[in-house]
Amino acid sequence: MLNRLILNRLGTMAGLAALALGLCGLAPARAQIGSERYAAIVLDHRTGGILVSANPDETRHPASLTKMMTLYMVFEALRENRLSLASPVTMSAEAASRPPSKLGLPPGATLTVEQAILSLVTKSANDVATALGETLGGDEARFAQMMTQRARGLGMTRTTFRNASGLPDWDQVTTARDMATLGRRLLLDFPDRYHYFGRTEAAFRGLRLRNHNRMLTSYEGVDGIKTGYIRASGFNIVTSANRDGHRIVGAVFGGSSWVERDQHMTALLDQSFARLGVAPRVEVAQPAAPLVLRQAQAATARNARAAVRTPPRSQVRQVSRTPA
């Protein structure tokens with residue numbers, strides 16, 4: 001009975017089928033939910049138990065979800081007094097050369113650690129992510145090694161980082177389970193810093209930085225965490241939501257658009273809250289099967305048999321923009 005909540009959120013049965021096929025106003029050939037890029041999971045924050053999942057351990061490219069790990073490392077440095085919120089972060093020529101999304105500061109310019117944090121959670125600034133990596137690791141490659149090592153310590157066994165931003169790299173991979181685990185650890189390990197992820201906007205030297213995460217305002221109870229996009233990954237998101245004393249953390253990989261991705265995450269959050277006994281915020285219709293996950297899983301299995309799971313190496317490297 002609880003799974004009918006999915007249908008209520010997405011509308012009619014035809015609308016749900018369109019979601020599973022990845023339509024949402026785009027050509028069917030561009031569908032992502034249910035494709036070889038698709039993966040999803042929702043965890044109970046309290047126990048870490050899985051509420052729903054599809055392909056949770058298949059490797060995917062994290063895109064700007066990578067910045068969650070960069071921020072984890074920054075928060076850890078703050079806790080250990082290796083940094084303060086007022087510490088300067090200097091923009092190197094290497095960092096300034098990163099493609100958008102970015103602040104666009106020139107080499108030699110500085111910003112504070114807190115300004116850097118806000119630019120990552122809102123604008124998803126690639127140049128600032130690199131500058132933070134250089135601040136903590138000496139250079140970005142070394143910082144990526146530090147990120148990977150720390151991820152292993154958090155139980156993220158299938159994640160490898162190659163940069164601090166999530167810009168395309170064939171060898172930078174993760175899983176839905178690992179990213180949801182990271183989202184959960186951000187809340188558990190840094191409850192005093194987690195509020196940054198709920199910021200819908202921030203100001204920086206006259207600029208208004210708007211958060212790419214539209215679920216902060218579209219779904220009741222969502223207070224983070226991060227979105228991401230590169231062509232090799234599709235549109236990704238890690239979301240945390242809290243209702244009636246129950247918190248859940250979910251990850252979705254492989255949307256063909258941010259609209260499709262957010263609609264699919266909405267359906268999974270609704271289903272997960274229902275499994276925890278949280279009453280829906282809207283009137284629901286009669287029971288139906290959980291078609292979103294079943295159709296997506298079936299489509300993924302078909303694609304896995306028909307084609308190579310990961311895109312060509314050239315495709316991963318050619319798209320550097322991470323609009324999240």
# chains A, B, ... in the order shown; residues from 1 in each chain; ligands from 1
>>> residues_around(residues="Tyr72 in chain A", least_positions_apart="2", cutoff="9 Å", atoms="only C-alpha atoms", output="JSON, numbers by chain")
{"A": [67, 68, 69, 70, 74, 75, 76, 77, 147, 182, 185, 186, 189, 190]}
>>> write_last_selection(atoms="N, CA, C and O atoms", output="PDB file, in the first residue's frame")
ATOM      1  N   LYS A  67      32.589  17.092  -4.413  1.00  0.00           N
ATOM      2  CA  LYS A  67      32.812  18.217  -3.496  1.00  0.00           C
ATOM      3  C   LYS A  67      32.321  17.908  -2.090  1.00  0.00           C
ATOM      4  O   LYS A  67      32.745  18.566  -1.124  1.00  0.00           O
ATOM      5  N   MET A  68      31.439  16.923  -1.927  1.00  0.00           N
ATOM      6  CA  MET A  68      31.068  16.488  -0.590  1.00  0.00           C
ATOM      7  C   MET A  68      32.277  15.974   0.167  1.00  0.00           C
ATOM      8  O   MET A  68      32.449  16.242   1.361  1.00  0.00           O
ATOM      9  N   MET A  69      33.142  15.230  -0.529  1.00  0.00           N
ATOM     10  CA  MET A  69      34.344  14.708   0.112  1.00  0.00           C
ATOM     11  C   MET A  69      35.354  15.814   0.355  1.00  0.00           C
ATOM     12  O   MET A  69      36.036  15.835   1.397  1.00  0.00           O
ATOM     13  N   THR A  70      35.461  16.751  -0.580  1.00  0.00           N
ATOM     14  CA  THR A  70      36.330  17.903  -0.372  1.00  0.00           C
ATOM     15  C   THR A  70      35.906  18.653   0.877  1.00  0.00           C
ATOM     16  O   THR A  70      36.745  19.029   1.713  1.00  0.00           O
ATOM     17  N   VAL A  74      37.676  19.468   4.560  1.00  0.00           N
ATOM     18  CA  VAL A  74      37.756  20.825   5.115  1.00  0.00           C
ATOM     19  C   VAL A  74      37.180  20.848   6.524  1.00  0.00           C
ATOM     20  O   VAL A  74      37.777  21.428   7.446  1.00  0.00           O
ATOM     21  N   PHE A  75      36.027  20.222   6.722  1.00  0.00           N
ATOM     22  CA  PHE A  75      35.415  20.200   8.052  1.00  0.00           C
ATOM     23  C   PHE A  75      36.324  19.490   9.059  1.00  0.00           C
ATOM     24  O   PHE A  75      36.414  19.888  10.225  1.00  0.00           O
ATOM     25  N   GLU A  76      36.978  18.443   8.615  1.00  0.00           N
ATOM     26  CA  GLU A  76      37.896  17.732   9.496  1.00  0.00           C
ATOM     27  C   GLU A  76      39.071  18.624   9.881  1.00  0.00           C
ATOM     28  O   GLU A  76      39.506  18.622  11.040  1.00  0.00           O
ATOM     29  N   ALA A  77      39.585  19.376   8.916  1.00  0.00           N
ATOM     30  CA  ALA A  77      40.685  20.298   9.205  1.00  0.00           C
ATOM     31  C   ALA A  77      40.239  21.395  10.168  1.00  0.00           C
ATOM     32  O   ALA A  77      41.017  21.822  11.040  1.00  0.00           O
ATOM     33  N   MET A 147      41.871  12.248  -0.095  1.00  0.00           N
ATOM     34  CA  MET A 147      40.427  12.042  -0.142  1.00  0.00           C
ATOM     35  C   MET A 147      40.088  10.559  -0.260  1.00  0.00           C
ATOM     36  O   MET A 147      39.203  10.053   0.448  1.00  0.00           O
ATOM     37  N   LEU A 182      28.636   8.705   2.449  1.00  0.00           N
ATOM     38  CA  LEU A 182      29.323   9.973   2.700  1.00  0.00           C
ATOM     39  C   LEU A 182      28.341  11.028   3.184  1.00  0.00           C
ATOM     40  O   LEU A 182      28.638  11.778   4.127  1.00  0.00           O
ATOM     41  N   ARG A 185      27.628  10.346   6.771  1.00  0.00           N
ATOM     42  CA  ARG A 185      28.755  10.678   7.646  1.00  0.00           C
ATOM     43  C   ARG A 185      28.940  12.183   7.810  1.00  0.00           C
ATOM     44  O   ARG A 185      29.393  12.645   8.859  1.00  0.00           O
ATOM     45  N   LEU A 186      28.596  12.953   6.795  1.00  0.00           N
ATOM     46  CA  LEU A 186      28.666  14.410   6.947  1.00  0.00           C
ATOM     47  C   LEU A 186      27.748  14.874   8.076  1.00  0.00           C
ATOM     48  O   LEU A 186      28.104  15.757   8.865  1.00  0.00           O
ATOM     49  N   ASP A 189      29.254  13.160  11.567  1.00  0.00           N
ATOM     50  CA  ASP A 189      30.566  13.605  12.014  1.00  0.00           C
ATOM     51  C   ASP A 189      30.665  15.115  12.195  1.00  0.00           C
ATOM     52  O   ASP A 189      31.499  15.589  12.970  1.00  0.00           O
ATOM     53  N   PHE A 190      29.826  15.868  11.480  1.00  0.00           N
ATOM     54  CA  PHE A 190      29.928  17.331  11.548  1.00  0.00           C
ATOM     55  C   PHE A 190      28.551  17.971  11.690  1.00  0.00           C
ATOM     56  O   PHE A 190      28.122  18.758  10.833  1.00  0.00           O
TER      57      PHE A 190
END
>>> select_by_dssp(residues="range 113-207 of chain A", states="helix (DSSP H, G or I)", output="JSON, numbers by chain")
{"A": [113, 114, 115, 116, 117, 118, 119, 120, 121, 126, 127, 128, 129, 130, 131, 132, 133, 134, 135, 136, 137, 140, 141, 142, 143, 144, 145, 146, 147, 148, 149, 150, 151, 152, 153, 176, 177, 178, 179, 180, 181, 182, 183, 184, 185, 186, 187, 188, 189, 194, 195, 196, 197, 198]}
>>> atom_distance(atom1="CA of Thr239 in chain A", atom2="CA of Ser84 in chain A")
27.0 Å
>>> closest_atom_pairs(of="range 192-289 of chain A", to="range 40-57 of chain A", cutoff="7 Å", atoms="only C-alpha atoms", output="CSV")
residue,atom,partner,partner_atom,distance
A:Arg247,CA,A:His45,CA,5.5
A:Ile248,CA,A:Asp44,CA,4.8
A:Val249,CA,A:Leu43,CA,5.2
A:Gly250,CA,A:Val42,CA,4.0
A:Ala251,CA,A:Ala40,CA,5.4
A:Val252,CA,A:Ala40,CA,4.4
A:Phe253,CA,A:Ala40,CA,6.2
A:Ser272,CA,A:Leu51,CA,5.7
>>> residues_around(residues="range 129-144 of chain A", least_positions_apart="5", cutoff="6 Å", atoms="only C-alpha atoms", output="list in words")
Met91, Ala95, Phe161, Arg162, Asn163, Ala164 and Ser165 of chain A
>>> residues_around(residues="Leu209 in chain A", least_positions_apart="6", cutoff="9 Å", atoms="only C-alpha atoms", output="number ranges by chain")
A: 118-119, 122-123, 200-203
>>> write_last_selection(atoms="N, CA and C atoms", output="PDB file, in the first residue's frame")
ATOM      1  N   LEU A 118      30.928  28.072   1.213  1.00  0.00           N
ATOM      2  CA  LEU A 118      29.661  28.531   0.658  1.00  0.00           C
ATOM      3  C   LEU A 118      29.659  28.505  -0.866  1.00  0.00           C
ATOM      4  N   SER A 119      30.803  28.785  -1.474  1.00  0.00           N
ATOM      5  CA  SER A 119      30.863  28.747  -2.940  1.00  0.00           C
ATOM      6  C   SER A 119      30.755  27.321  -3.472  1.00  0.00           C
ATOM      7  N   THR A 122      26.841  26.139  -2.898  1.00  0.00           N
ATOM      8  CA  THR A 122      25.870  26.854  -3.728  1.00  0.00           C
ATOM      9  C   THR A 122      26.248  26.795  -5.204  1.00  0.00           C
ATOM     10  N   LYS A 123      27.314  27.467  -5.583  1.00  0.00           N
ATOM     11  CA  LYS A 123      27.687  27.572  -6.989  1.00  0.00           C
ATOM     12  C   LYS A 123      28.449  26.360  -7.504  1.00  0.00           C
ATOM     13  N   THR A 200      20.313  28.150   0.566  1.00  0.00           N
ATOM     14  CA  THR A 200      19.786  28.278  -0.794  1.00  0.00           C
ATOM     15  C   THR A 200      20.545  29.321  -1.608  1.00  0.00           C
ATOM     16  N   GLU A 201      21.257  30.210  -0.935  1.00  0.00           N
ATOM     17  CA  GLU A 201      22.075  31.187  -1.635  1.00  0.00           C
ATOM     18  C   GLU A 201      23.108  31.757  -0.680  1.00  0.00           C
ATOM     19  N   ALA A 202      24.099  32.426  -1.252  1.00  0.00           N
ATOM     20  CA  ALA A 202      25.134  33.082  -0.465  1.00  0.00           C
ATOM     21  C   ALA A 202      25.611  34.297  -1.252  1.00  0.00           C
ATOM     22  N   ALA A 203      26.202  35.241  -0.548  1.00  0.00           N
ATOM     23  CA  ALA A 203      26.738  36.445  -1.180  1.00  0.00           C
ATOM     24  C   ALA A 203      28.254  36.396  -1.164  1.00  0.00           C
TER      25      ALA A 203
END
>>> closest_residue(among="A:Leu111, A:Leu71, A:Met156, A:Met146", to="Ala180 in chain A", atoms="only C-alpha atoms")
A:Met156
>>> select_by_dssp(residues="range 124-308 of chain A", states="strand (DSSP E)", output="VMD selection string")
chain A and resid 201 to 204 207 to 210 222 to 230 234 to 243 246 to 255
>>> atom_distance(atom1="CA of Leu65 in chain A", atom2="CA of Ala151 in chain A")
13.2 Å
>>> decode(residues="range 220-246 of chain A", atoms="N, CA, C and O atoms", output="compact mmCIF listing (two decimals), in the first residue's frame")
# COMPACT_ATOMS: atom_id res chain seq x y z
N GLU A 220 9.44 19.08 1.12
CA GLU A 220 9.42 19.40 2.55
C GLU A 220 10.36 18.48 3.34
O GLU A 220 10.29 17.26 3.23
N GLY A 221 11.24 19.09 4.12
CA GLY A 221 12.15 18.34 4.97
C GLY A 221 13.56 18.21 4.41
O GLY A 221 14.48 17.83 5.14
N VAL A 222 13.78 18.52 3.13
CA VAL A 222 15.12 18.43 2.55
C VAL A 222 15.98 19.58 3.06
O VAL A 222 15.57 20.74 3.02
N ASP A 223 17.18 19.26 3.53
CA ASP A 223 18.11 20.29 4.00
C ASP A 223 19.52 20.08 3.46
O ASP A 223 20.49 20.56 4.03
N GLY A 224 19.68 19.37 2.37
CA GLY A 224 20.96 19.14 1.71
C GLY A 224 20.80 17.96 0.75
O GLY A 224 19.70 17.39 0.65
N ILE A 225 21.82 17.55 -0.05
CA ILE A 225 23.20 17.89 0.26
C ILE A 225 23.91 18.47 -0.97
O ILE A 225 24.43 19.57 -0.91
N LYS A 226 23.92 17.73 -2.11
CA LYS A 226 24.73 18.17 -3.25
C LYS A 226 24.21 17.56 -4.54
O LYS A 226 23.72 16.43 -4.56
N THR A 227 24.37 18.34 -5.61
CA THR A 227 24.03 17.88 -6.96
C THR A 227 25.29 17.80 -7.81
O THR A 227 26.34 18.32 -7.43
N GLY A 228 25.18 17.16 -8.97
CA GLY A 228 26.33 17.08 -9.87
C GLY A 228 25.93 16.66 -11.27
O GLY A 228 24.87 16.05 -11.47
N TYR A 229 26.78 17.03 -12.22
CA TYR A 229 26.56 16.61 -13.60
C TYR A 229 27.86 16.64 -14.40
O TYR A 229 28.62 17.61 -14.34
N ILE A 230 28.13 15.59 -15.11
CA ILE A 230 28.99 15.56 -16.28
C ILE A 230 28.30 14.60 -17.26
O ILE A 230 27.43 13.83 -16.88
N ARG A 231 28.68 14.65 -18.51
CA ARG A 231 27.99 13.82 -19.50
C ARG A 231 28.11 12.33 -19.18
O ARG A 231 27.18 11.56 -19.38
N ALA A 232 29.25 11.92 -18.65
CA ALA A 232 29.46 10.51 -18.36
C ALA A 232 28.59 9.99 -17.23
O ALA A 232 28.38 8.79 -17.11
N SER A 233 28.11 10.89 -16.38
CA SER A 233 27.33 10.46 -15.22
C SER A 233 25.84 10.73 -15.36
O SER A 233 25.02 10.08 -14.72
N GLY A 234 25.47 11.69 -16.20
CA GLY A 234 24.11 12.19 -16.14
C GLY A 234 23.96 13.11 -14.94
O GLY A 234 24.95 13.54 -14.33
N PHE A 235 22.73 13.41 -14.57
CA PHE A 235 22.45 14.31 -13.45
C PHE A 235 22.34 13.50 -12.17
O PHE A 235 21.52 12.59 -12.06
N ASN A 236 23.18 13.84 -11.19
CA ASN A 236 23.28 13.11 -9.92
C ASN A 236 22.79 13.99 -8.77
O ASN A 236 22.82 15.22 -8.85
N ILE A 237 22.44 13.34 -7.68
CA ILE A 237 22.09 14.09 -6.47
C ILE A 237 22.24 13.20 -5.24
O ILE A 237 21.98 12.00 -5.31
N VAL A 238 22.69 13.78 -4.15
CA VAL A 238 22.62 13.16 -2.82
C VAL A 238 21.74 14.07 -1.98
O VAL A 238 21.98 15.28 -1.90
N THR A 239 20.72 13.50 -1.37
CA THR A 239 19.71 14.27 -0.66
C THR A 239 19.52 13.73 0.75
O THR A 239 19.51 12.52 0.96
N SER A 240 19.36 14.64 1.69
CA SER A 240 18.96 14.26 3.04
C SER A 240 17.69 15.01 3.39
O SER A 240 17.54 16.19 3.09
N ALA A 241 16.76 14.28 4.02
CA ALA A 241 15.49 14.89 4.39
C ALA A 241 15.08 14.38 5.77
O ALA A 241 15.36 13.23 6.14
N ASN A 242 14.39 15.23 6.51
CA ASN A 242 13.99 14.92 7.89
C ASN A 242 12.51 15.23 8.05
O ASN A 242 12.07 16.35 7.79
N ARG A 243 11.74 14.22 8.45
CA ARG A 243 10.31 14.39 8.71
C ARG A 243 9.90 13.58 9.94
O ARG A 243 10.27 12.42 10.06
N ASP A 244 9.16 14.21 10.80
CA ASP A 244 8.59 13.54 11.98
C ASP A 244 9.64 12.76 12.75
O ASP A 244 9.38 11.64 13.25
N GLY A 245 10.83 13.31 12.87
CA GLY A 245 11.88 12.67 13.65
C GLY A 245 12.62 11.57 12.92
O GLY A 245 13.48 10.92 13.51
N HIS A 246 12.31 11.35 11.66
CA HIS A 246 12.99 10.34 10.85
C HIS A 246 13.81 11.04 9.76
O HIS A 246 13.27 11.84 9.00
